[in-house]
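Asks: I have a structure here, written as structure tokens, and I will follow up with some questions on it.
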Amino acid sequence: MQNAIRVLKNAVPLLLEWYGAYKRELPWRGTRDPYKIWVSEIMLQQTRVEAVKGYYAAFLEKFPTAEALARASEEEVLKAWEGLGYYSRARNLHRAAKIIAERGFPADFAGVRALPGVGDYTAGAICSIAYDLPCPAVDGNVLRILTRLTADERNIDEMSTRSAFSELLREVYPPQAGEFCQSLMELGATVCVPNGEPMCLICPWRELCAAHRMGREEEFPVRAEKKARKTEQIFVYVLKKEGRFALRKREGKGLLAGLWEFPNGSKDESAEYGKVLSEKNAKHIFTHIEWHMTGYLIEAKEFFPQFTWVTPEEMRKGYALPSAFKAFKSWVDN
Ligand code: SF4
């Protein structure tokens, strides 16, 4: 630990200097507004920076404050989130906005952490960036760069490893906590990357980094073997009748629950709905499951009453469909 603290203490100023010179211009950088930082951090959970860029600006234009977000309906919020995936994030944002609208944005770690949908990492990032509080935000990226820097062979899937690195960071947090938090993220995203070779030659830590010195960069981080993702076969029905298409709200509590979707199921029931006009296959990968989908465009026999029948225009304006169904949406848009 003492050795790791010493290495980290030397690494901090090098990283801050590098960040000042080379950081990317991103739409959420430069603000200290905790609401805006919170929105960006929630969007960035499990979603790539490039994908978030467009959504972030449009979302803030629609909901510029927590109060505006709190006033919106759930349908409006989900519509603004359409395509970003992991919709529970949008629902939690909406729930949390109602709390913030009433009590103001919390100003300490415990208060931020208590908001729906905010875990240790997100609370740490918000408190560091918005308030310069020394609250470590440790995710897979940060663990990767720190385990490489210190050639630490502990399994990063263990909570104890995560806590140990949080403690380590707490020891070395500089006064510019927000800059430091973002510089760790930036190094992991642009230089000490997860796949392919890390770019050690341009890394500010190349002189200090234990993994680099040993030529073992790619052996870190150490992690337990991942379980293979489950696959499920799904049949998707795009039912069409007189210019309208069938949608339904997904029931239950599981994946995509409560969201609008094309009717679908695990058995092929296409013949019961009408005449098949077209067929195509698609795949969608969620965190723990993979859907292998066969989709049918069908001229429906009747307006089946269990479904909501909407025009393409209505679908575009008011019904957020998860991106799992994107491959079949072109049948509606054409
Ligand atoms: S020197 Fe290489 S392995 Fe070490 S932190 Fe930098 S990019 Fe990562």
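Ordering of the structure tokens sets the chain letters (A, B, ...); residue numbers start at 1 within each chain; ligands are numbered from 1 in the order shown.
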Using only C-alpha atoms and all ligand atoms, which protein or nucleic acid residues are at most 12 Å from ligand 1, as JSON, numbers by chain?

Replies: {"A": [7, 8, 11, 14, 15, 18, 141, 142, 143, 144, 145, 146, 147, 148, 149, 150, 151, 152, 184, 185, 186, 187, 188, 189, 190, 191, 192, 193, 194, 195, 196, 197, 198, 199, 200, 201, 202, 203, 204, 205, 206, 207, 208, 209, 210, 211, 212, 213, 214, 215, 216, 217, 218, 219, 220, 221]}

Asks: The selected residues should be written to file as a compact mmCIF listing (two decimals), in the first residue's frame (atoms: C-alpha atoms).

Replies:
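Listing of selection-v4.txt after writing:
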# COMPACT_ATOMS: atom_id res chain seq x y z
CA VAL A 7 3.72 5.83 -7.01
CA LEU A 8 0.29 7.45 -7.15
CA ALA A 11 1.53 10.05 -10.93
CA LEU A 14 1.84 14.17 -14.38
CA LEU A 15 -1.71 13.15 -15.12
CA TRP A 18 -1.35 15.80 -19.42
CA ASN A 141 -11.60 2.06 -16.57
CA VAL A 142 -10.04 3.48 -13.46
CA LEU A 143 -9.27 0.00 -12.11
CA ARG A 144 -7.60 -0.90 -15.39
CA ILE A 145 -5.22 2.05 -15.38
CA LEU A 146 -4.42 1.78 -11.68
CA THR A 147 -3.78 -1.98 -11.75
CA ARG A 148 -1.45 -1.43 -14.71
CA LEU A 149 0.33 1.45 -13.04
CA THR A 150 0.97 -0.61 -9.89
CA ALA A 151 1.00 -4.10 -11.53
CA ASP A 152 -1.62 -5.14 -8.99
CA LEU A 184 -8.36 9.33 -14.72
CA MET A 185 -11.40 8.68 -16.92
CA GLU A 186 -9.73 10.36 -19.87
CA LEU A 187 -6.52 8.36 -19.64
CA GLY A 188 -8.55 5.14 -19.54
CA ALA A 189 -10.68 6.20 -22.49
CA THR A 190 -8.00 7.52 -24.81
CA VAL A 191 -4.55 6.11 -23.92
CA CYS A 192 -4.64 3.19 -21.50
CA VAL A 193 -7.43 1.56 -23.49
CA PRO A 194 -9.07 -1.79 -22.75
CA ASN A 195 -8.92 -3.53 -26.09
CA GLY A 196 -5.90 -3.64 -28.33
CA GLU A 197 -2.63 -2.27 -27.12
CA PRO A 198 -2.47 0.61 -24.65
CA MET A 199 -0.60 3.57 -26.11
CA CYS A 200 2.26 3.59 -23.61
CA LEU A 201 4.50 5.72 -25.82
CA ILE A 202 2.27 8.74 -25.40
CA CYS A 203 1.24 8.00 -21.81
CA PRO A 204 2.20 10.49 -19.09
CA TRP A 205 2.83 7.52 -16.76
CA ARG A 206 5.18 5.55 -18.99
CA GLU A 207 8.20 6.14 -16.71
CA LEU A 208 6.29 5.14 -13.59
CA CYS A 209 4.13 2.32 -14.84
CA ALA A 210 5.08 -1.10 -13.43
CA ALA A 211 3.16 -3.12 -16.05
CA HIS A 212 4.82 -1.17 -18.86
CA ARG A 213 8.29 -1.63 -17.37
CA MET A 214 7.73 -5.38 -17.39
CA GLY A 215 6.11 -5.38 -20.83
CA ARG A 216 3.00 -6.95 -19.24
CA GLU A 217 0.45 -4.19 -19.94
CA GLU A 218 -2.09 -6.56 -21.43
CA GLU A 219 -2.06 -8.90 -18.44
CA PHE A 220 -3.86 -6.25 -16.39
CA PRO A 221 -6.44 -5.96 -15.05

Asks: When DSSP is applied to the backbone of this structure, which of segment 200-234 of chain A are assigned strand (DSSP E)? Write them out as a ChimeraX atom specification.

Replies: /A:230-234

Asks: Dump N, CA, C and O atoms for the selected residues as a CSV table (one decimal), in the first residue's frame?

Replies:
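After the write, result-v4.csv holds the following:
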chain,number,residue,atom,x,y,z
A,230,LYS,N,-26.4,-15.7,-21.9
A,230,LYS,CA,-27.5,-16.6,-22.4
A,230,LYS,C,-28.0,-16.1,-23.7
A,230,LYS,O,-28.1,-14.9,-23.9
A,231,THR,N,-28.5,-17.0,-24.6
A,231,THR,CA,-29.2,-16.5,-25.8
A,231,THR,C,-30.6,-16.9,-25.7
A,231,THR,O,-31.0,-17.9,-25.1
A,232,GLU,N,-31.5,-16.1,-26.3
A,232,GLU,CA,-32.9,-16.4,-26.4
A,232,GLU,C,-33.4,-16.2,-27.8
A,232,GLU,O,-33.0,-15.2,-28.4
A,233,GLN,N,-34.2,-17.1,-28.3
A,233,GLN,CA,-34.8,-16.9,-29.6
A,233,GLN,C,-36.2,-16.1,-29.4
A,233,GLN,O,-37.0,-16.5,-28.6
A,234,ILE,N,-36.3,-15.0,-30.2
A,234,ILE,CA,-37.5,-14.2,-30.0
A,234,ILE,C,-38.1,-14.0,-31.4
A,234,ILE,O,-37.4,-13.8,-32.4

Asks: Give the alpha helix (DSSP H) residues of segment 26-69 of chain A, as assigned by DSSP on the backbone, as a PDB file with all heavy atoms, in the first residue's frame.

Replies:
ATOM      1  N   PRO A  34     -24.373  20.760 -11.022  1.00  0.00           N
ATOM      2  CA  PRO A  34     -24.507  19.336 -10.659  1.00  0.00           C
ATOM      3  C   PRO A  34     -25.603  18.626 -11.450  1.00  0.00           C
ATOM      4  O   PRO A  34     -25.487  17.434 -11.731  1.00  0.00           O
ATOM      5  CB  PRO A  34     -24.836  19.365  -9.161  1.00  0.00           C
ATOM      6  CG  PRO A  34     -25.195  20.764  -8.844  1.00  0.00           C
ATOM      7  CD  PRO A  34     -24.581  21.648  -9.878  1.00  0.00           C
ATOM      8  N   TYR A  35     -26.666  19.356 -11.815  1.00  0.00           N
ATOM      9  CA  TYR A  35     -27.738  18.720 -12.605  1.00  0.00           C
ATOM     10  C   TYR A  35     -27.197  18.232 -13.945  1.00  0.00           C
ATOM     11  O   TYR A  35     -27.405  17.080 -14.343  1.00  0.00           O
ATOM     12  CB  TYR A  35     -28.889  19.723 -12.806  1.00  0.00           C
ATOM     13  CG  TYR A  35     -29.918  19.237 -13.816  1.00  0.00           C
ATOM     14  CD1 TYR A  35     -30.785  18.210 -13.493  1.00  0.00           C
ATOM     15  CD2 TYR A  35     -30.004  19.801 -15.095  1.00  0.00           C
ATOM     16  CE1 TYR A  35     -31.717  17.739 -14.422  1.00  0.00           C
ATOM     17  CE2 TYR A  35     -30.929  19.350 -16.020  1.00  0.00           C
ATOM     18  CZ  TYR A  35     -31.782  18.320 -15.669  1.00  0.00           C
ATOM     19  OH  TYR A  35     -32.701  17.842 -16.593  1.00  0.00           O
ATOM     20  N   LYS A  36     -26.454  19.101 -14.632  1.00  0.00           N
ATOM     21  CA  LYS A  36     -25.937  18.738 -15.955  1.00  0.00           C
ATOM     22  C   LYS A  36     -24.893  17.615 -15.842  1.00  0.00           C
ATOM     23  O   LYS A  36     -24.843  16.719 -16.680  1.00  0.00           O
ATOM     24  CB  LYS A  36     -25.327  19.964 -16.648  1.00  0.00           C
ATOM     25  CG  LYS A  36     -26.389  20.977 -17.007  1.00  0.00           C
ATOM     26  CD  LYS A  36     -25.792  22.169 -17.697  1.00  0.00           C
ATOM     27  CE  LYS A  36     -26.911  23.164 -18.031  1.00  0.00           C
ATOM     28  NZ  LYS A  36     -26.392  24.483 -18.313  1.00  0.00           N
ATOM     29  N   ILE A  37     -24.072  17.684 -14.816  1.00  0.00           N
ATOM     30  CA  ILE A  37     -23.052  16.639 -14.619  1.00  0.00           C
ATOM     31  C   ILE A  37     -23.738  15.304 -14.322  1.00  0.00           C
ATOM     32  O   ILE A  37     -23.372  14.260 -14.858  1.00  0.00           O
ATOM     33  CB  ILE A  37     -22.096  17.043 -13.482  1.00  0.00           C
ATOM     34  CG1 ILE A  37     -21.285  18.263 -13.927  1.00  0.00           C
ATOM     35  CG2 ILE A  37     -21.168  15.900 -13.098  1.00  0.00           C
ATOM     36  CD1 ILE A  37     -20.595  19.008 -12.824  1.00  0.00           C
ATOM     37  N   TRP A  38     -24.772  15.369 -13.518  1.00  0.00           N
ATOM     38  CA  TRP A  38     -25.532  14.156 -13.174  1.00  0.00           C
ATOM     39  C   TRP A  38     -26.139  13.536 -14.439  1.00  0.00           C
ATOM     40  O   TRP A  38     -25.981  12.337 -14.681  1.00  0.00           O
ATOM     41  CB  TRP A  38     -26.601  14.553 -12.153  1.00  0.00           C
ATOM     42  CG  TRP A  38     -27.666  13.548 -11.845  1.00  0.00           C
ATOM     43  CD1 TRP A  38     -27.483  12.273 -11.408  1.00  0.00           C
ATOM     44  CD2 TRP A  38     -29.075  13.756 -11.924  1.00  0.00           C
ATOM     45  NE1 TRP A  38     -28.702  11.676 -11.202  1.00  0.00           N
ATOM     46  CE2 TRP A  38     -29.691  12.563 -11.499  1.00  0.00           C
ATOM     47  CE3 TRP A  38     -29.886  14.847 -12.280  1.00  0.00           C
ATOM     48  CZ2 TRP A  38     -31.076  12.417 -11.449  1.00  0.00           C
ATOM     49  CZ3 TRP A  38     -31.265  14.701 -12.214  1.00  0.00           C
ATOM     50  CH2 TRP A  38     -31.850  13.501 -11.815  1.00  0.00           C
ATOM     51  N   VAL A  39     -26.784  14.357 -15.265  1.00  0.00           N
ATOM     52  CA  VAL A  39     -27.384  13.829 -16.514  1.00  0.00           C
ATOM     53  C   VAL A  39     -26.296  13.166 -17.365  1.00  0.00           C
ATOM     54  O   VAL A  39     -26.468  12.053 -17.872  1.00  0.00           O
ATOM     55  CB  VAL A  39     -28.097  14.954 -17.311  1.00  0.00           C
ATOM     56  CG1 VAL A  39     -28.472  14.485 -18.710  1.00  0.00           C
ATOM     57  CG2 VAL A  39     -29.337  15.437 -16.563  1.00  0.00           C
ATOM     58  N   SER A  40     -25.147  13.823 -17.505  1.00  0.00           N
ATOM     59  CA  SER A  40     -24.103  13.244 -18.356  1.00  0.00           C
ATOM     60  C   SER A  40     -23.586  11.932 -17.765  1.00  0.00           C
ATOM     61  O   SER A  40     -23.399  10.948 -18.477  1.00  0.00           O
ATOM     62  CB  SER A  40     -22.941  14.228 -18.558  1.00  0.00           C
ATOM     63  OG  SER A  40     -22.192  14.371 -17.376  1.00  0.00           O
ATOM     64  N   GLU A  41     -23.411  11.881 -16.463  1.00  0.00           N
ATOM     65  CA  GLU A  41     -22.879  10.657 -15.846  1.00  0.00           C
ATOM     66  C   GLU A  41     -23.871   9.498 -15.972  1.00  0.00           C
ATOM     67  O   GLU A  41     -23.477   8.360 -16.194  1.00  0.00           O
ATOM     68  CB  GLU A  41     -22.534  10.889 -14.365  1.00  0.00           C
ATOM     69  CG  GLU A  41     -21.279  11.710 -14.160  1.00  0.00           C
ATOM     70  CD  GLU A  41     -20.033  11.060 -14.769  1.00  0.00           C
ATOM     71  OE1 GLU A  41     -19.938   9.823 -14.785  1.00  0.00           O
ATOM     72  OE2 GLU A  41     -19.160  11.806 -15.254  1.00  0.00           O
ATOM     73  N   ILE A  42     -25.155   9.794 -15.851  1.00  0.00           N
ATOM     74  CA  ILE A  42     -26.149   8.711 -15.997  1.00  0.00           C
ATOM     75  C   ILE A  42     -26.157   8.241 -17.454  1.00  0.00           C
ATOM     76  O   ILE A  42     -26.190   7.043 -17.741  1.00  0.00           O
ATOM     77  CB  ILE A  42     -27.566   9.184 -15.567  1.00  0.00           C
ATOM     78  CG1 ILE A  42     -27.564   9.627 -14.099  1.00  0.00           C
ATOM     79  CG2 ILE A  42     -28.602   8.103 -15.833  1.00  0.00           C
ATOM     80  CD1 ILE A  42     -27.344   8.564 -13.053  1.00  0.00           C
ATOM     81  N   MET A  43     -26.102   9.177 -18.395  1.00  0.00           N
ATOM     82  CA  MET A  43     -26.091   8.776 -19.808  1.00  0.00           C
ATOM     83  C   MET A  43     -24.845   7.946 -20.133  1.00  0.00           C
ATOM     84  O   MET A  43     -24.897   7.021 -20.932  1.00  0.00           O
ATOM     85  CB  MET A  43     -26.118   9.995 -20.718  1.00  0.00           C
ATOM     86  CG  MET A  43     -27.465  10.642 -20.781  1.00  0.00           C
ATOM     87  SD  MET A  43     -27.505  11.929 -22.054  1.00  0.00           S
ATOM     88  CE  MET A  43     -29.270  12.248 -22.098  1.00  0.00           C
ATOM     89  N   LEU A  44     -23.720   8.299 -19.507  1.00  0.00           N
ATOM     90  CA  LEU A  44     -22.462   7.622 -19.835  1.00  0.00           C
ATOM     91  C   LEU A  44     -22.335   6.236 -19.196  1.00  0.00           C
ATOM     92  O   LEU A  44     -21.445   5.480 -19.553  1.00  0.00           O
ATOM     93  CB  LEU A  44     -21.267   8.492 -19.408  1.00  0.00           C
ATOM     94  CG  LEU A  44     -21.040   9.720 -20.295  1.00  0.00           C
ATOM     95  CD1 LEU A  44     -20.133  10.728 -19.600  1.00  0.00           C
ATOM     96  CD2 LEU A  44     -20.439   9.341 -21.642  1.00  0.00           C
ATOM     97  N   VAL A  49     -19.207   7.395 -25.312  1.00  0.00           N
ATOM     98  CA  VAL A  49     -19.185   8.855 -25.380  1.00  0.00           C
ATOM     99  C   VAL A  49     -19.796   9.354 -26.691  1.00  0.00           C
ATOM    100  O   VAL A  49     -20.629  10.272 -26.691  1.00  0.00           O
ATOM    101  CB  VAL A  49     -17.719   9.347 -25.258  1.00  0.00           C
ATOM    102  CG1 VAL A  49     -17.569  10.777 -25.707  1.00  0.00           C
ATOM    103  CG2 VAL A  49     -17.240   9.200 -23.826  1.00  0.00           C
ATOM    104  N   GLU A  50     -19.428   8.741 -27.795  1.00  0.00           N
ATOM    105  CA  GLU A  50     -19.914   9.204 -29.101  1.00  0.00           C
ATOM    106  C   GLU A  50     -21.435   9.141 -29.168  1.00  0.00           C
ATOM    107  O   GLU A  50     -22.088  10.029 -29.718  1.00  0.00           O
ATOM    108  CB  GLU A  50     -19.308   8.370 -30.235  1.00  0.00           C
ATOM    109  CG  GLU A  50     -17.859   8.702 -30.528  1.00  0.00           C
ATOM    110  CD  GLU A  50     -17.604  10.196 -30.703  1.00  0.00           C
ATOM    111  OE1 GLU A  50     -18.360  10.839 -31.449  1.00  0.00           O
ATOM    112  OE2 GLU A  50     -16.673  10.731 -30.063  1.00  0.00           O
ATOM    113  N   ALA A  51     -22.002   8.063 -28.615  1.00  0.00           N
ATOM    114  CA  ALA A  51     -23.459   7.898 -28.661  1.00  0.00           C
ATOM    115  C   ALA A  51     -24.149   8.923 -27.757  1.00  0.00           C
ATOM    116  O   ALA A  51     -25.232   9.415 -28.066  1.00  0.00           O
ATOM    117  CB  ALA A  51     -23.833   6.483 -28.238  1.00  0.00           C
ATOM    118  N   VAL A  52     -23.492   9.275 -26.655  1.00  0.00           N
ATOM    119  CA  VAL A  52     -24.128  10.172 -25.677  1.00  0.00           C
ATOM    120  C   VAL A  52     -24.164  11.622 -26.165  1.00  0.00           C
ATOM    121  O   VAL A  52     -25.116  12.355 -25.881  1.00  0.00           O
ATOM    122  CB  VAL A  52     -23.393  10.074 -24.310  1.00  0.00           C
ATOM    123  CG1 VAL A  52     -23.824  11.172 -23.365  1.00  0.00           C
ATOM    124  CG2 VAL A  52     -23.637   8.711 -23.672  1.00  0.00           C
ATOM    125  N   LYS A  53     -23.140  12.021 -26.936  1.00  0.00           N
ATOM    126  CA  LYS A  53     -23.006  13.435 -27.321  1.00  0.00           C
ATOM    127  C   LYS A  53     -24.310  14.067 -27.818  1.00  0.00           C
ATOM    128  O   LYS A  53     -24.741  15.092 -27.319  1.00  0.00           O
ATOM    129  CB  LYS A  53     -21.937  13.576 -28.398  1.00  0.00           C
ATOM    130  CG  LYS A  53     -20.534  13.656 -27.873  1.00  0.00           C
ATOM    131  CD  LYS A  53     -19.601  13.891 -29.033  1.00  0.00           C
ATOM    132  CE  LYS A  53     -18.162  13.897 -28.608  1.00  0.00           C
ATOM    133  NZ  LYS A  53     -17.266  13.857 -29.773  1.00  0.00           N
ATOM    134  N   GLY A  54     -24.936  13.450 -28.801  1.00  0.00           N
ATOM    135  CA  GLY A  54     -26.144  14.029 -29.393  1.00  0.00           C
ATOM    136  C   GLY A  54     -27.310  14.049 -28.416  1.00  0.00           C
ATOM    137  O   GLY A  54     -28.050  15.031 -28.319  1.00  0.00           O
ATOM    138  N   TYR A  55     -27.430  12.993 -27.634  1.00  0.00           N
ATOM    139  CA  TYR A  55     -28.552  12.892 -26.702  1.00  0.00           C
ATOM    140  C   TYR A  55     -28.447  13.940 -25.597  1.00  0.00           C
ATOM    141  O   TYR A  55     -29.437  14.501 -25.160  1.00  0.00           O
ATOM    142  CB  TYR A  55     -28.571  11.515 -26.041  1.00  0.00           C
ATOM    143  CG  TYR A  55     -29.166  10.448 -26.916  1.00  0.00           C
ATOM    144  CD1 TYR A  55     -28.381   9.675 -27.752  1.00  0.00           C
ATOM    145  CD2 TYR A  55     -30.537  10.205 -26.904  1.00  0.00           C
ATOM    146  CE1 TYR A  55     -28.925   8.692 -28.550  1.00  0.00           C
ATOM    147  CE2 TYR A  55     -31.098   9.220 -27.695  1.00  0.00           C
ATOM    148  CZ  TYR A  55     -30.278   8.470 -28.516  1.00  0.00           C
ATOM    149  OH  TYR A  55     -30.836   7.508 -29.298  1.00  0.00           O
ATOM    150  N   TYR A  56     -27.241  14.171 -25.142  1.00  0.00           N
ATOM    151  CA  TYR A  56     -27.018  15.057 -24.001  1.00  0.00           C
ATOM    152  C   TYR A  56     -27.550  16.466 -24.312  1.00  0.00           C
ATOM    153  O   TYR A  56     -28.333  17.037 -23.549  1.00  0.00           O
ATOM    154  CB  TYR A  56     -25.525  15.083 -23.687  1.00  0.00           C
ATOM    155  CG  TYR A  56     -25.118  16.057 -22.618  1.00  0.00           C
ATOM    156  CD1 TYR A  56     -25.357  15.783 -21.282  1.00  0.00           C
ATOM    157  CD2 TYR A  56     -24.474  17.241 -22.944  1.00  0.00           C
ATOM    158  CE1 TYR A  56     -24.975  16.672 -20.300  1.00  0.00           C
ATOM    159  CE2 TYR A  56     -24.088  18.138 -21.953  1.00  0.00           C
ATOM    160  CZ  TYR A  56     -24.344  17.844 -20.638  1.00  0.00           C
ATOM    161  OH  TYR A  56     -23.970  18.740 -19.665  1.00  0.00           O
ATOM    162  N   ALA A  57     -27.145  16.990 -25.460  1.00  0.00           N
ATOM    163  CA  ALA A  57     -27.569  18.352 -25.805  1.00  0.00           C
ATOM    164  C   ALA A  57     -29.092  18.418 -25.969  1.00  0.00           C
ATOM    165  O   ALA A  57     -29.743  19.334 -25.452  1.00  0.00           O
ATOM    166  CB  ALA A  57     -26.871  18.793 -27.089  1.00  0.00           C
ATOM    167  N   ALA A  58     -29.650  17.433 -26.661  1.00  0.00           N
ATOM    168  CA  ALA A  58     -31.094  17.461 -26.912  1.00  0.00           C
ATOM    169  C   ALA A  58     -31.869  17.307 -25.600  1.00  0.00           C
ATOM    170  O   ALA A  58     -32.888  17.976 -25.384  1.00  0.00           O
ATOM    171  CB  ALA A  58     -31.461  16.340 -27.878  1.00  0.00           C
ATOM    172  N   PHE A  59     -31.374  16.465 -24.713  1.00  0.00           N
ATOM    173  CA  PHE A  59     -32.051  16.226 -23.431  1.00  0.00           C
ATOM    174  C   PHE A  59     -32.069  17.501 -22.603  1.00  0.00           C
ATOM    175  O   PHE A  59     -33.081  17.882 -22.027  1.00  0.00           O
ATOM    176  CB  PHE A  59     -31.328  15.099 -22.689  1.00  0.00           C
ATOM    177  CG  PHE A  59     -32.092  14.521 -21.534  1.00  0.00           C
ATOM    178  CD1 PHE A  59     -32.957  13.453 -21.715  1.00  0.00           C
ATOM    179  CD2 PHE A  59     -31.947  15.036 -20.250  1.00  0.00           C
ATOM    180  CE1 PHE A  59     -33.660  12.904 -20.641  1.00  0.00           C
ATOM    181  CE2 PHE A  59     -32.651  14.510 -19.172  1.00  0.00           C
ATOM    182  CZ  PHE A  59     -33.503  13.437 -19.370  1.00  0.00           C
ATOM    183  N   LEU A  60     -30.918  18.194 -22.567  1.00  0.00           N
ATOM    184  CA  LEU A  60     -30.849  19.417 -21.755  1.00  0.00           C
ATOM    185  C   LEU A  60     -31.653  20.555 -22.365  1.00  0.00           C
ATOM    186  O   LEU A  60     -32.127  21.440 -21.668  1.00  0.00           O
ATOM    187  CB  LEU A  60     -29.399  19.850 -21.560  1.00  0.00           C
ATOM    188  CG  LEU A  60     -28.604  18.995 -20.581  1.00  0.00           C
ATOM    189  CD1 LEU A  60     -27.215  19.572 -20.408  1.00  0.00           C
ATOM    190  CD2 LEU A  60     -29.285  18.889 -19.219  1.00  0.00           C
ATOM    191  N   GLU A  61     -31.783  20.510 -23.677  1.00  0.00           N
ATOM    192  CA  GLU A  61     -32.614  21.543 -24.300  1.00  0.00           C
ATOM    193  C   GLU A  61     -34.074  21.341 -23.900  1.00  0.00           C
ATOM    194  O   GLU A  61     -34.796  22.264 -23.590  1.00  0.00           O
ATOM    195  CB  GLU A  61     -32.468  21.454 -25.812  1.00  0.00           C
ATOM    196  CG  GLU A  61     -32.897  22.739 -26.477  1.00  0.00           C
ATOM    197  CD  GLU A  61     -32.642  22.686 -27.956  1.00  0.00           C
ATOM    198  OE1 GLU A  61     -31.557  22.200 -28.351  1.00  0.00           O
ATOM    199  OE2 GLU A  61     -33.530  23.108 -28.693  1.00  0.00           O
ATOM    200  N   LYS A  62     -34.467  20.081 -23.859  1.00  0.00           N
ATOM    201  CA  LYS A  62     -35.839  19.755 -23.478  1.00  0.00           C
ATOM    202  C   LYS A  62     -36.061  19.945 -21.974  1.00  0.00           C
ATOM    203  O   LYS A  62     -37.091  20.458 -21.539  1.00  0.00           O
ATOM    204  CB  LYS A  62     -36.084  18.289 -23.817  1.00  0.00           C
ATOM    205  CG  LYS A  62     -37.424  18.056 -24.381  1.00  0.00           C
ATOM    206  CD  LYS A  62     -37.578  16.740 -25.005  1.00  0.00           C
ATOM    207  CE  LYS A  62     -38.996  16.803 -25.493  1.00  0.00           C
ATOM    208  NZ  LYS A  62     -39.490  15.714 -26.058  1.00  0.00           N
ATOM    209  N   ALA A  66     -33.618  20.439 -13.235  1.00  0.00           N
ATOM    210  CA  ALA A  66     -34.268  19.306 -12.564  1.00  0.00           C
ATOM    211  C   ALA A  66     -35.769  19.569 -12.443  1.00  0.00           C
ATOM    212  O   ALA A  66     -36.589  18.651 -12.544  1.00  0.00           O
ATOM    213  CB  ALA A  66     -33.648  19.104 -11.190  1.00  0.00           C
ATOM    214  N   GLU A  67     -36.134  20.846 -12.281  1.00  0.00           N
ATOM    215  CA  GLU A  67     -37.559  21.180 -12.134  1.00  0.00           C
ATOM    216  C   GLU A  67     -38.302  20.855 -13.440  1.00  0.00           C
ATOM    217  O   GLU A  67     -39.401  20.300 -13.426  1.00  0.00           O
ATOM    218  CB  GLU A  67     -37.758  22.670 -11.799  1.00  0.00           C
ATOM    219  CG  GLU A  67     -37.311  23.076 -10.399  1.00  0.00           C
ATOM    220  CD  GLU A  67     -35.789  23.086 -10.232  1.00  0.00           C
ATOM    221  OE1 GLU A  67     -35.056  23.192 -11.239  1.00  0.00           O
ATOM    222  OE2 GLU A  67     -35.333  22.954  -9.078  1.00  0.00           O
ATOM    223  N   ALA A  68     -37.675  21.213 -14.565  1.00  0.00           N
ATOM    224  CA  ALA A  68     -38.318  20.940 -15.861  1.00  0.00           C
ATOM    225  C   ALA A  68     -38.450  19.431 -16.074  1.00  0.00           C
ATOM    226  O   ALA A  68     -39.481  18.944 -16.566  1.00  0.00           O
ATOM    227  CB  ALA A  68     -37.489  21.558 -16.994  1.00  0.00           C
ATOM    228  N   LEU A  69     -37.442  18.689 -15.671  1.00  0.00           N
ATOM    229  CA  LEU A  69     -37.501  17.232 -15.821  1.00  0.00           C
ATOM    230  C   LEU A  69     -38.584  16.650 -14.904  1.00  0.00           C
ATOM    231  O   LEU A  69     -39.333  15.756 -15.297  1.00  0.00           O
ATOM    232  CB  LEU A  69     -36.120  16.639 -15.482  1.00  0.00           C
ATOM    233  CG  LEU A  69     -35.955  15.138 -15.614  1.00  0.00           C
ATOM    234  CD1 LEU A  69     -36.290  14.657 -17.023  1.00  0.00           C
ATOM    235  CD2 LEU A  69     -34.523  14.718 -15.274  1.00  0.00           C
TER     236      LEU A  69
END

Asks: Residues near Phe180 of chain A, anyone? I mean within 12 Å using only C-alpha atoms, not counting same-chain ones fewer than 6 positions away, as a ChimeraX atom specification.

Replies: /A:8,11-20,23,124-125,128-129,132-137,142,169-170,172-174,186-187

Asks: Residues of the last selection are to be written out with C-alpha atoms, as a JSON list (two decimals), in the first residue's frame.

Replies:
[["chain", "number", "residue", "atom", "x", "y", "z"],
["A", 8, "LEU", "CA", 0.29, 7.45, -7.15],
["A", 11, "ALA", "CA", 1.53, 10.05, -10.93],
["A", 12, "VAL", "CA", -1.08, 12.68, -9.98],
["A", 13, "PRO", "CA", 0.72, 15.87, -11.16],
["A", 14, "LEU", "CA", 1.84, 14.17, -14.38],
["A", 15, "LEU", "CA", -1.71, 13.15, -15.12],
["A", 16, "LEU", "CA", -3.17, 16.60, -14.36],
["A", 17, "GLU", "CA", -0.64, 18.26, -16.61],
["A", 18, "TRP", "CA", -1.35, 15.80, -19.42],
["A", 19, "TYR", "CA", -5.10, 16.29, -18.99],
["A", 20, "GLY", "CA", -4.76, 20.07, -19.19],
["A", 23, "LYS", "CA", -8.25, 16.44, -22.91],
["A", 124, "GLY", "CA", -18.12, 10.03, -6.60],
["A", 125, "ALA", "CA", -17.95, 11.50, -10.10],
["A", 128, "SER", "CA", -15.68, 15.43, -7.53],
["A", 129, "ILE", "CA", -16.65, 17.27, -10.71],
["A", 132, "ASP", "CA", -14.28, 19.33, -5.97],
["A", 133, "LEU", "CA", -14.86, 16.89, -3.11],
["A", 134, "PRO", "CA", -12.25, 14.13, -2.73],
["A", 135, "CYS", "CA", -14.71, 11.33, -3.50],
["A", 136, "PRO", "CA", -13.11, 8.61, -5.66],
["A", 137, "ALA", "CA", -15.09, 7.35, -8.65],
["A", 142, "VAL", "CA", -10.04, 3.48, -13.46],
["A", 169, "LEU", "CA", -7.17, 7.35, -4.35],
["A", 170, "ARG", "CA", -8.52, 9.05, -1.25],
["A", 172, "VAL", "CA", -3.71, 11.13, -3.01],
["A", 173, "TYR", "CA", -6.65, 13.31, -4.07],
["A", 174, "PRO", "CA", -5.38, 16.77, -5.05],
["A", 186, "GLU", "CA", -9.73, 10.36, -19.87],
["A", 187, "LEU", "CA", -6.52, 8.36, -19.64]]

Asks: Which one of A:Asn155, A:Ser88, A:Ser160, A:Ser183 sits closest to Leu255 of chain A if you count only C-alpha atoms?

Replies: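 Checking each candidate against Leu255 of chain A, we get A:Ser88 as the closest.
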